[in-house]
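> Just passing along the structure, written as structure tokens.
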Amino acid sequence: MAEITDIENEFIREEIEEYLERPNEIERAINTFAQVTPAMQEIAAALIDGDHHTVDHLTSEALGKGTGALEIMDDSLIAGMSIVGIKFRENFIFVPEVLACARAMKAGMAYIEPILSASGIEPVGKVVMGTVKGDLHDIGKNLCIMMLRGSGFLVHDLSVDTSEDEFIDAVEEHEADILGMSALLTTTMPNMGKTIEAFIDADLRDDVKIMVGGAPVTQEFADDMGADGYGKDAVECVELAKRLLEEDEEF
Amino acid sequence: MQKIDKEEYQKRLDKITELFSSMTVHADEQSTYRCPYKNKEDQCTAKFGCRNQRKPNNSRGILICGGDDKLDYRQAWETEAVQDRVSIDVEYGMGTVTSDDRTCKLSVGKTIFDYADELAVQVPTSCFRTGQCHECIVEIKQGMEALQPRNEAESFLQENYRLACQAVVSDADIDLDFSPLRRNPKILTDSNQTTIVDIDPIVTCQNGVVYYDGESIDKYRGHLYGLAIDLGTTTVVISLVDLENGKSITTSAFENPQRFGGSDIMHRISYDGAHHGELRKAIINAINHEIFQMEERFGFVRQEIYEIVAVGNSTMRDILFKLDVQSIGQKPYKSMIEQAYLAGECSTTSLTEKTRRLGIRANPKARVYGLPLIASHVGADTAAALVAMDMASRKETVMLIDVGTNTEVVIGHAGRMLAASCPAGPAFEGGLIKYGMPGYDGAVESVRWADGQFEYDTIGGTQPHGLCGSGLIDLLAELRRHDQMTPKGVFADKKQYELTVIPEYGITLSREDASNLAQAKAANYCGQFILIRHFGISPLDITECYLAGGFANYVNVDNAIQIGFLAPVPKDRIIKIGNAAIQGAKEVLLSRHKRESIERLVKGIDHVELETTPDFFEVFVEGCQFKPMPNQFR
């Protein structure tokens with residue numbers, strides 16, 4: 001059984017002392033981090049801190065020195081994210097901090113993606129996501145993107161206030177399988193319909209599956225607009241995305 | 001380039017999906033009360049506008065969230081879609097609205113509260129801006145004509161006072177200037193006894209190591225601090241104490257933020273049943289905020305706080321300790337801890353818990369100690385008051401009356417004690433009385449009849465808006481003294497329903513007000529009368545009578561006895577001890593021996609249930625009359 005003093009990284013030791021309360025979780029965290037190399041601990045610490053720049057250059061460095069991709073995933077990215085999950089559950093941090101940590105994780109995974117390709121591992125699917133024109137809300141969309149990436153999708157984030165042309169250009173450029181649109185205002189929801197019409201006009205509608213989401217959006221509205229699917233939260237979004245891909249494959 | 005196994009990679013993906021799934025579920029739950037764009041520093045990460053956004057003090061650009069996690073934050077979000085470079089015409093008038101040197105343009109249809117939000121002016125409310133709590137009173141310095149006339153909810157206000165939540169702009173071309181009523185509740189923080197002689201704390205320091213009850217918990221950082229907290233239903237008091245020399249470094253008092261769950265205990269218990277956790281969150285946040293303020297002002301770190309002693313009535317204390325309080329709201333009105341103690345499952349009703357488990361920002365290894373309860377609603381605060389008046393060493397019969405939203409009475413001496421609690425209700429704090437109000441600026445706190453009219457003093461010396469508890473007692477006593485009212489609350493002119501008290505401000509007292517006051521007073525009367533009688537003595541046998549609590553400190557004792565609010569103990573034996581609960585909490589913080597002593601003492605206190613006393617109803621009816629209690633009971 002390892003002791004907390006076996007963990008070299010001071011930041012990680014402090015995080016465990018400050019934020020972990022349940023004995024089984026403390027034990028698991030100490031055992032995990034006591035056994036990983038200091039380099040991995042440093043990446044994990046940067047992820048917990050939401051520092052994507054540091055995760056970026058340390059991951060690149062570690063891979064350059066020959067560390068295995070799975071080791072990096074286990075010992076720093078996943079290990080770090082577990083701590084983030086606990087802090088979030090106990091309300092020490094909130095959604096903005098979680099999204100910052102997810103961004104840090106993405107930065108690390110970016111270096112692992114070429115290794116995946118070389119191993120013949122393709123992304124589950126390619127998705128373009130954005131909030132529609134006139135709408136600046138993005139939390140829901142960002143949580144969906146986090147879930148999609150965490151499930152193996154490659155996601156291009158168009159941020160907020162996205163015009164029809166921007167959606168079309170991105171879908172074409174990235175050869176996306178799925179387009180996801182989000183709207184939070186009843187006044188901007190119609191822009192989803194307009195975007196779908198724009199795809200039809202450009203003769204691109206059949207090349208991509210379109211899914212929609214957002215607080216005022218409903219299954220009925222999605223159907224009326226001609227979308228292929230509607231997801232009410234991030235978890236449903238991933239399931240829907242997987243289902244839409246299967247439909248595609250049937251062709 | 002290295003290669004990885006597809007199945008091995010999939011395992012990691014599954015793990016990540018699992019982690020993220022539980023996080024998104026938690027995000028949904030959190031977002032039911034807290035805006036998801038608000039980060040842990042309370043800064044706003046939204047790209048859109050929102051009424052809760054405030055400019056930060058250091059103007060480094062990141063907006064702060066002024067939302068309080070209690071109201072639906074979504075309602076504050078802008079609901080207009082943004083247009084590219086085209087500004088939406090909101091139909092501004094030519095007038096401006098100003099408060100405290102901050103200005104913005106006026107438009108028709110907004111309330112003063114809307115402008116208070118926009119100008120980042122703090123206006124309190126505890127009724128979700130529906131016109132009921134009367135806390136958002138503002139003074140209109142200029143521009144009364146810009147507003148719609150007063151509505152029903154505002155009918156109790158005069159001249160240029162309005163309720164910020166009800167006053168609506170109807171003419172946007174007139175300049176408006178308003179300011180909130182300065183709220184300076186007369187909160188009691190000092191008690192008579194200030195020197196604490198007996199120091200024997202559970203937290204000690206030796207050779208640069210800090211010990212809690214013999215267990216080493218930290219290296220010495222420069223200070224050994226402790227906190228004493230009095231969780232009043234209406235007011236919270238926090239004292240920072242130096243455990244090395246017993247000095248109180250600072251004491252701060254603020255209104256209990258749990259008010260949104262109701263102003264009295266029963267309502268809060270119901271609220272906690274319906275929205276479990278909200279009240280606790282509110283008080284923890286307030287305590288942590290206070291700790292943060294103290295850190296800034298006194299230059300220490302929270303890790304130097306090694307123990308916290310908390311007192312409050314049973315419900316207040318148990319909410320802090322994360323317990324379910326529903327049983328306190330139903331017969332036999334006992335806390336879960338008290339029930340466990342009576343069943344022999346634990347040896348004391350006191351509670352000790354790690355500060356981290358309760359979410360309080362002190363040293364991670366620090367503990368929170370909650371004093372034991374006496375019985376039923378008579379809780380840890382009364383126990384603390386008994387420490388402050390050193391009941392443990394009393395040989396002669398003494399009485400303690402703690403007047404507040406609930407009134408607790410304890411009578412006896414070290415060998416035998418009785419306790420009771422009476423739900424006095426809000427009448428003496430302004431509730432249910434048309435012109436009643438809490439002890440804020442503008443409250444009439446004393447009244448005398450002279451030369452055919454009432455002379456009065458208001459808190460803060462400003463013009464009067466209503467009467468607070470001590471003013472009401474004076475008023476009733478003077479009316480009785482000058483035969484303007486019968487003991488049953490009927491005015492000299494039997495047909496008169498409403499009596500004018502201060503004609504220039506339209507402040508009146510009605511028969512209904514008198515009736516509500518009579519009932520509140522009767523509760524106090526019953527508690528004292530029944531306990532004195534049960535003990536087998538008369539008021540004249542009481543050697544010392546201690547009055548504790550904020551309200552009691554300002555009350556005129558003669559008048560209180562005159563109307564039967566206080567037992568007729570000879571005046572020279574009545575001692576006002578202010579906030580005895582916080583004093584007792586401090587003493588316990590500094591002394592193990594007092595802690596052990598009070599735990600022992602409470603076990604010997606008998607609780608008298610007033611309502612089950614056979615002649616309770618007759619005593620209550622008698623107590624409703626505005627006349628003194630008999631001073632001999634035999």
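Residues are named by chain letter and number: chains run A, B, ... in the order of the structure tokens, numbers start at 1 in each chain, and ligands are numbered from 1 in the order shown.
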Can you pull out the residues contacting segment 211-226 of chain A? Cut-off 12 Å, using only C-alpha atoms, and skip same-chain residues under 4 positions away; I want them as a PDB file with C-alpha atoms, in the first residue's frame.


ATOM      1  CA  VAL A 127     -18.679  15.557 -36.727  1.00  0.00           C
ATOM      2  CA  VAL A 128     -19.015  19.299 -37.277  1.00  0.00           C
ATOM      3  CA  MET A 129     -20.731  21.122 -34.379  1.00  0.00           C
ATOM      4  CA  GLY A 130     -21.840  24.724 -33.951  1.00  0.00           C
ATOM      5  CA  THR A 131     -24.405  27.026 -32.395  1.00  0.00           C
ATOM      6  CA  VAL A 132     -26.611  28.719 -35.007  1.00  0.00           C
ATOM      7  CA  ASP A 135     -27.069  32.651 -30.755  1.00  0.00           C
ATOM      8  CA  HIS A 137     -24.912  30.003 -26.004  1.00  0.00           C
ATOM      9  CA  ASP A 138     -22.451  27.154 -26.047  1.00  0.00           C
ATOM     10  CA  ILE A 139     -22.317  25.183 -22.825  1.00  0.00           C
ATOM     11  CA  GLY A 140     -24.624  22.415 -24.020  1.00  0.00           C
ATOM     12  CA  LYS A 141     -22.783  22.160 -27.311  1.00  0.00           C
ATOM     13  CA  ASN A 142     -19.429  22.060 -25.520  1.00  0.00           C
ATOM     14  CA  LEU A 143     -20.535  19.259 -23.245  1.00  0.00           C
ATOM     15  CA  CYS A 144     -21.748  17.283 -26.281  1.00  0.00           C
ATOM     16  CA  ASP A 177     -20.403  12.334 -41.512  1.00  0.00           C
ATOM     17  CA  ILE A 178     -22.578  14.321 -39.147  1.00  0.00           C
ATOM     18  CA  LEU A 179     -23.532  17.942 -38.619  1.00  0.00           C
ATOM     19  CA  GLY A 180     -24.737  18.935 -35.173  1.00  0.00           C
ATOM     20  CA  MET A 181     -26.520  22.242 -34.544  1.00  0.00           C
ATOM     21  CA  SER A 182     -27.441  23.830 -31.232  1.00  0.00           C
ATOM     22  CA  ALA A 183     -29.804  26.714 -30.441  1.00  0.00           C
ATOM     23  CA  LEU A 184     -30.924  28.085 -27.106  1.00  0.00           C
ATOM     24  CA  LEU A 185     -33.273  30.872 -28.119  1.00  0.00           C
ATOM     25  CA  THR A 186     -36.688  30.370 -29.697  1.00  0.00           C
ATOM     26  CA  THR A 187     -35.754  33.296 -31.916  1.00  0.00           C
ATOM     27  CA  THR A 188     -32.749  31.473 -33.367  1.00  0.00           C
ATOM     28  CA  MET A 189     -34.231  27.998 -33.727  1.00  0.00           C
ATOM     29  CA  PRO A 190     -35.571  28.777 -37.218  1.00  0.00           C
ATOM     30  CA  ASN A 191     -31.964  29.192 -38.366  1.00  0.00           C
ATOM     31  CA  MET A 192     -31.618  25.442 -38.042  1.00  0.00           C
ATOM     32  CA  GLY A 193     -34.360  25.006 -40.626  1.00  0.00           C
ATOM     33  CA  LYS A 194     -32.742  27.592 -42.860  1.00  0.00           C
ATOM     34  CA  THR A 195     -29.389  25.815 -42.663  1.00  0.00           C
ATOM     35  CA  ILE A 196     -30.962  22.515 -43.650  1.00  0.00           C
ATOM     36  CA  GLU A 197     -32.628  24.206 -46.618  1.00  0.00           C
ATOM     37  CA  ALA A 198     -29.266  25.652 -47.597  1.00  0.00           C
ATOM     38  CA  PHE A 199     -27.813  22.134 -47.666  1.00  0.00           C
ATOM     39  CA  ILE A 200     -30.704  20.995 -49.874  1.00  0.00           C
ATOM     40  CA  ARG A 205     -28.247  17.177 -47.996  1.00  0.00           C
ATOM     41  CA  ASP A 206     -27.762  13.521 -48.743  1.00  0.00           C
ATOM     42  CA  TYR A 230     -32.713  15.152 -31.956  1.00  0.00           C
ATOM     43  CA  GLY A 231     -30.791  14.602 -28.708  1.00  0.00           C
ATOM     44  CA  LYS A 232     -31.888  16.031 -25.402  1.00  0.00           C
ATOM     45  CA  ASP A 233     -28.514  15.892 -23.641  1.00  0.00           C
ATOM     46  CA  ALA A 234     -24.868  15.070 -24.176  1.00  0.00           C
ATOM     47  CA  VAL A 235     -25.245  11.346 -23.538  1.00  0.00           C
ATOM     48  CA  GLU A 236     -28.162  11.055 -25.987  1.00  0.00           C
ATOM     49  CA  CYS A 237     -26.144  13.070 -28.490  1.00  0.00           C
ATOM     50  CA  VAL A 238     -23.461  10.391 -28.580  1.00  0.00           C
ATOM     51  CA  GLU A 239     -25.975   7.569 -28.899  1.00  0.00           C
ATOM     52  CA  LEU A 240     -27.745   9.440 -31.672  1.00  0.00           C
ATOM     53  CA  ALA A 241     -24.478  10.069 -33.491  1.00  0.00           C
ATOM     54  CA  LYS A 242     -23.613   6.375 -33.384  1.00  0.00           C
ATOM     55  CA  ARG A 243     -27.069   5.425 -34.616  1.00  0.00           C
ATOM     56  CA  LEU A 244     -26.899   7.891 -37.500  1.00  0.00           C
ATOM     57  CA  LEU A 245     -23.594   6.391 -38.570  1.00  0.00           C
TER      58      LEU A 245
ATOM     59  CA  ASP B  28     -27.391  18.732 -15.533  1.00  0.00           C
ATOM     60  CA  ARG B  74     -32.034  31.700 -16.882  1.00  0.00           C
TER      61      ARG B  74
END

> Set the cut-off to 6 Å and count only C-alpha atoms: what are the residues of chain A that reach chain B? Output as a list in words.

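So the contacting residues turn out to be Ile93, Phe94, Val95, Pro96, Ser119, Gly134, Asp135, Leu136, Gly150 and Ser151 of chain A.
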
> Which of these residues is nearest to Gly564 of chain B, using only C-alpha atoms: B:Ile360, B:Leu231, B:Leu589, B:Met629?

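Checking each candidate against Gly564 of chain B, we get B:Met629 as the closest.
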
> List the neighbours of segment 385-401 of chain B out to 6 Å using only C-alpha atoms; skip same-chain residues closer than 6 positions along the sequence, and give me the result as a list in words.

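Selected residues are Glu408, Val409, Val410, Ile411, Gly412, His413, Ala414, Ile542, Thr543, Glu544, Cys545, Tyr546, Leu547, Ala580, Ala581, Gln583 and Gly584 of chain B.
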
> Please report the interatomic distance between atom CA of Pro628 of chain B and atom CA of Ile563 of chain B in Å with one decimal.

5.3 Å

> I need the helix (DSSP H, G or I) residues of segment 116-145 of chain A per DSSP on the backbone, written as a PyMOL selection string.

chain A and resi 116-118+139-145

> Excluding Arg28 of chain A and any residue of its chain fewer than 6 positions from it, enumerate the residues within 12 Å of it, using only C-alpha atoms, and give them as a list in words.

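Near Arg28 of chain A, the qualifying residues are Met1, Ala2, Glu3, Ile4, Ile16, Leu20, Glu21, Arg22, Ala34, Gln35, Ala79, Ser82 and Ile83 of chain A.
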
> Using only C-alpha atoms, which residue out of A:Ala176, A:Ala102, A:Leu47, A:Val36 lies closest to Met147 of chain A?

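When distances to Met147 of chain A are compared using only C-alpha atoms, the smallest one comes from A:Ala102.
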
> Between atom CA of Phe491 of chain B and atom CA of Ala518 of chain B, what is the distance, to one decimal in Å?

13.9 Å

> Contacts of Gly222 of chain B at 12 Å or less, counting only C-alpha atoms, minus same-chain residues fewer than 4 places along, as an NGL selection string?

:B and (205 or 208-210 or 218 or 242-244 or 299-305)

> What's the 8 Å shell around segment 37-44 of chain A, counting only C-alpha atoms, without same-chain residues fewer than 3 positions away, as a list in words?

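The residues satisfying every condition are Glu8, Asn9, Ile12, Phe33, Leu47, Ile48, Thr54, Val55, Leu58, Thr59, Ala62, Ile72, Asp75, Ser76, Leu77, Ala79, Gly80 and Met81 of chain A.
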
> Quick one: pick out all strand (DSSP E) residues within segment 2-236 of chain A from a backbone DSSP run and write them as a ChimeraX atom specification.

/A:126-131,154-157,178-182,209-213,229-230

> Write out, as a PDB file, in the first residue's frame, the residues just selected, with N, CA and C atoms.


ATOM      1  N   LYS A 126     -16.841  11.488 -38.103  1.00  0.00           N
ATOM      2  CA  LYS A 126     -16.402  12.883 -38.120  1.00  0.00           C
ATOM      3  C   LYS A 126     -17.611  13.785 -37.975  1.00  0.00           C
ATOM      4  N   VAL A 127     -17.521  14.711 -37.043  1.00  0.00           N
ATOM      5  CA  VAL A 127     -18.679  15.557 -36.727  1.00  0.00           C
ATOM      6  C   VAL A 127     -18.280  17.020 -36.792  1.00  0.00           C
ATOM      7  N   VAL A 128     -19.169  17.843 -37.341  1.00  0.00           N
ATOM      8  CA  VAL A 128     -19.015  19.299 -37.277  1.00  0.00           C
ATOM      9  C   VAL A 128     -20.109  19.806 -36.344  1.00  0.00           C
ATOM     10  N   MET A 129     -19.738  20.624 -35.349  1.00  0.00           N
ATOM     11  CA  MET A 129     -20.731  21.122 -34.379  1.00  0.00           C
ATOM     12  C   MET A 129     -20.675  22.639 -34.286  1.00  0.00           C
ATOM     13  N   GLY A 130     -21.838  23.264 -34.147  1.00  0.00           N
ATOM     14  CA  GLY A 130     -21.840  24.724 -33.951  1.00  0.00           C
ATOM     15  C   GLY A 130     -23.180  25.207 -33.418  1.00  0.00           C
ATOM     16  N   THR A 131     -23.153  26.376 -32.810  1.00  0.00           N
ATOM     17  CA  THR A 131     -24.405  27.026 -32.395  1.00  0.00           C
ATOM     18  C   THR A 131     -24.825  27.940 -33.536  1.00  0.00           C
ATOM     19  N   LEU A 154     -14.188  12.362 -34.078  1.00  0.00           N
ATOM     20  CA  LEU A 154     -13.356  13.513 -34.395  1.00  0.00           C
ATOM     21  C   LEU A 154     -14.330  14.672 -34.585  1.00  0.00           C
ATOM     22  N   VAL A 155     -14.149  15.728 -33.796  1.00  0.00           N
ATOM     23  CA  VAL A 155     -15.144  16.805 -33.831  1.00  0.00           C
ATOM     24  C   VAL A 155     -14.498  18.132 -34.194  1.00  0.00           C
ATOM     25  N   HIS A 156     -15.126  18.863 -35.130  1.00  0.00           N
ATOM     26  CA  HIS A 156     -14.687  20.220 -35.453  1.00  0.00           C
ATOM     27  C   HIS A 156     -15.689  21.195 -34.873  1.00  0.00           C
ATOM     28  N   ASP A 157     -15.212  22.089 -34.042  1.00  0.00           N
ATOM     29  CA  ASP A 157     -16.090  22.986 -33.316  1.00  0.00           C
ATOM     30  C   ASP A 157     -16.125  24.344 -34.006  1.00  0.00           C
ATOM     31  N   ILE A 178     -21.438  13.780 -39.895  1.00  0.00           N
ATOM     32  CA  ILE A 178     -22.578  14.321 -39.147  1.00  0.00           C
ATOM     33  C   ILE A 178     -22.400  15.816 -38.911  1.00  0.00           C
ATOM     34  N   LEU A 179     -23.511  16.534 -39.007  1.00  0.00           N
ATOM     35  CA  LEU A 179     -23.532  17.942 -38.619  1.00  0.00           C
ATOM     36  C   LEU A 179     -24.430  18.072 -37.397  1.00  0.00           C
ATOM     37  N   GLY A 180     -23.909  18.730 -36.356  1.00  0.00           N
ATOM     38  CA  GLY A 180     -24.737  18.935 -35.173  1.00  0.00           C
ATOM     39  C   GLY A 180     -24.959  20.413 -34.954  1.00  0.00           C
ATOM     40  N   MET A 181     -26.229  20.828 -34.776  1.00  0.00           N
ATOM     41  CA  MET A 181     -26.520  22.242 -34.544  1.00  0.00           C
ATOM     42  C   MET A 181     -27.213  22.435 -33.208  1.00  0.00           C
ATOM     43  N   SER A 182     -26.860  23.535 -32.546  1.00  0.00           N
ATOM     44  CA  SER A 182     -27.441  23.830 -31.232  1.00  0.00           C
ATOM     45  C   SER A 182     -28.067  25.215 -31.257  1.00  0.00           C
ATOM     46  N   LYS A 209     -25.500  13.565 -42.272  1.00  0.00           N
ATOM     47  CA  LYS A 209     -26.622  13.392 -41.344  1.00  0.00           C
ATOM     48  C   LYS A 209     -26.658  14.625 -40.460  1.00  0.00           C
ATOM     49  N   ILE A 210     -27.848  15.132 -40.217  1.00  0.00           N
ATOM     50  CA  ILE A 210     -27.952  16.357 -39.406  1.00  0.00           C
ATOM     51  C   ILE A 210     -28.711  16.081 -38.113  1.00  0.00           C
ATOM     52  N   MET A 211     -28.072  16.442 -36.996  1.00  0.00           N
ATOM     53  CA  MET A 211     -28.748  16.292 -35.702  1.00  0.00           C
ATOM     54  C   MET A 211     -28.823  17.657 -35.007  1.00  0.00           C
ATOM     55  N   VAL A 212     -29.862  17.841 -34.199  1.00  0.00           N
ATOM     56  CA  VAL A 212     -30.067  19.126 -33.537  1.00  0.00           C
ATOM     57  C   VAL A 212     -30.310  18.949 -32.037  1.00  0.00           C
ATOM     58  N   GLY A 213     -30.061  20.044 -31.309  1.00  0.00           N
ATOM     59  CA  GLY A 213     -30.288  19.994 -29.865  1.00  0.00           C
ATOM     60  C   GLY A 213     -30.358  21.399 -29.292  1.00  0.00           C
ATOM     61  N   GLY A 229     -32.185  13.750 -36.629  1.00  0.00           N
ATOM     62  CA  GLY A 229     -32.318  13.296 -35.251  1.00  0.00           C
ATOM     63  C   GLY A 229     -32.254  14.444 -34.259  1.00  0.00           C
ATOM     64  N   TYR A 230     -32.711  14.168 -33.035  1.00  0.00           N
ATOM     65  CA  TYR A 230     -32.713  15.152 -31.956  1.00  0.00           C
ATOM     66  C   TYR A 230     -32.194  14.473 -30.693  1.00  0.00           C
TER      67      TYR A 230
END

> Applying 9 Å and only C-alpha atoms, which residues near Leu63 of chain A remain after dropping the ones on its own chain fewer than 6 positions away? List them as JSON, numbers by chain.

{"A": [69, 72, 111, 112]}

> With only C-alpha atoms as the basis for distance, which of B:Thr407, B:Ser263, B:Asn631, B:Ser597 is at the shortest distance from Gln562 of chain B?

B:Asn631

> Report, in Å with one decimal, the straight-line distance from atom CA of Thr352 of chain B to atom CA of Tyr369 of chain B.

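So the two atoms, atom CA of Thr352 of chain B and atom CA of Tyr369 of chain B, lie 4.5 Å apart.
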
> Counting only C-alpha atoms, which of A:Pro123, A:Met73, A:Asp169, A:His52 gets nearest to Ala107 of chain A?

A:His52
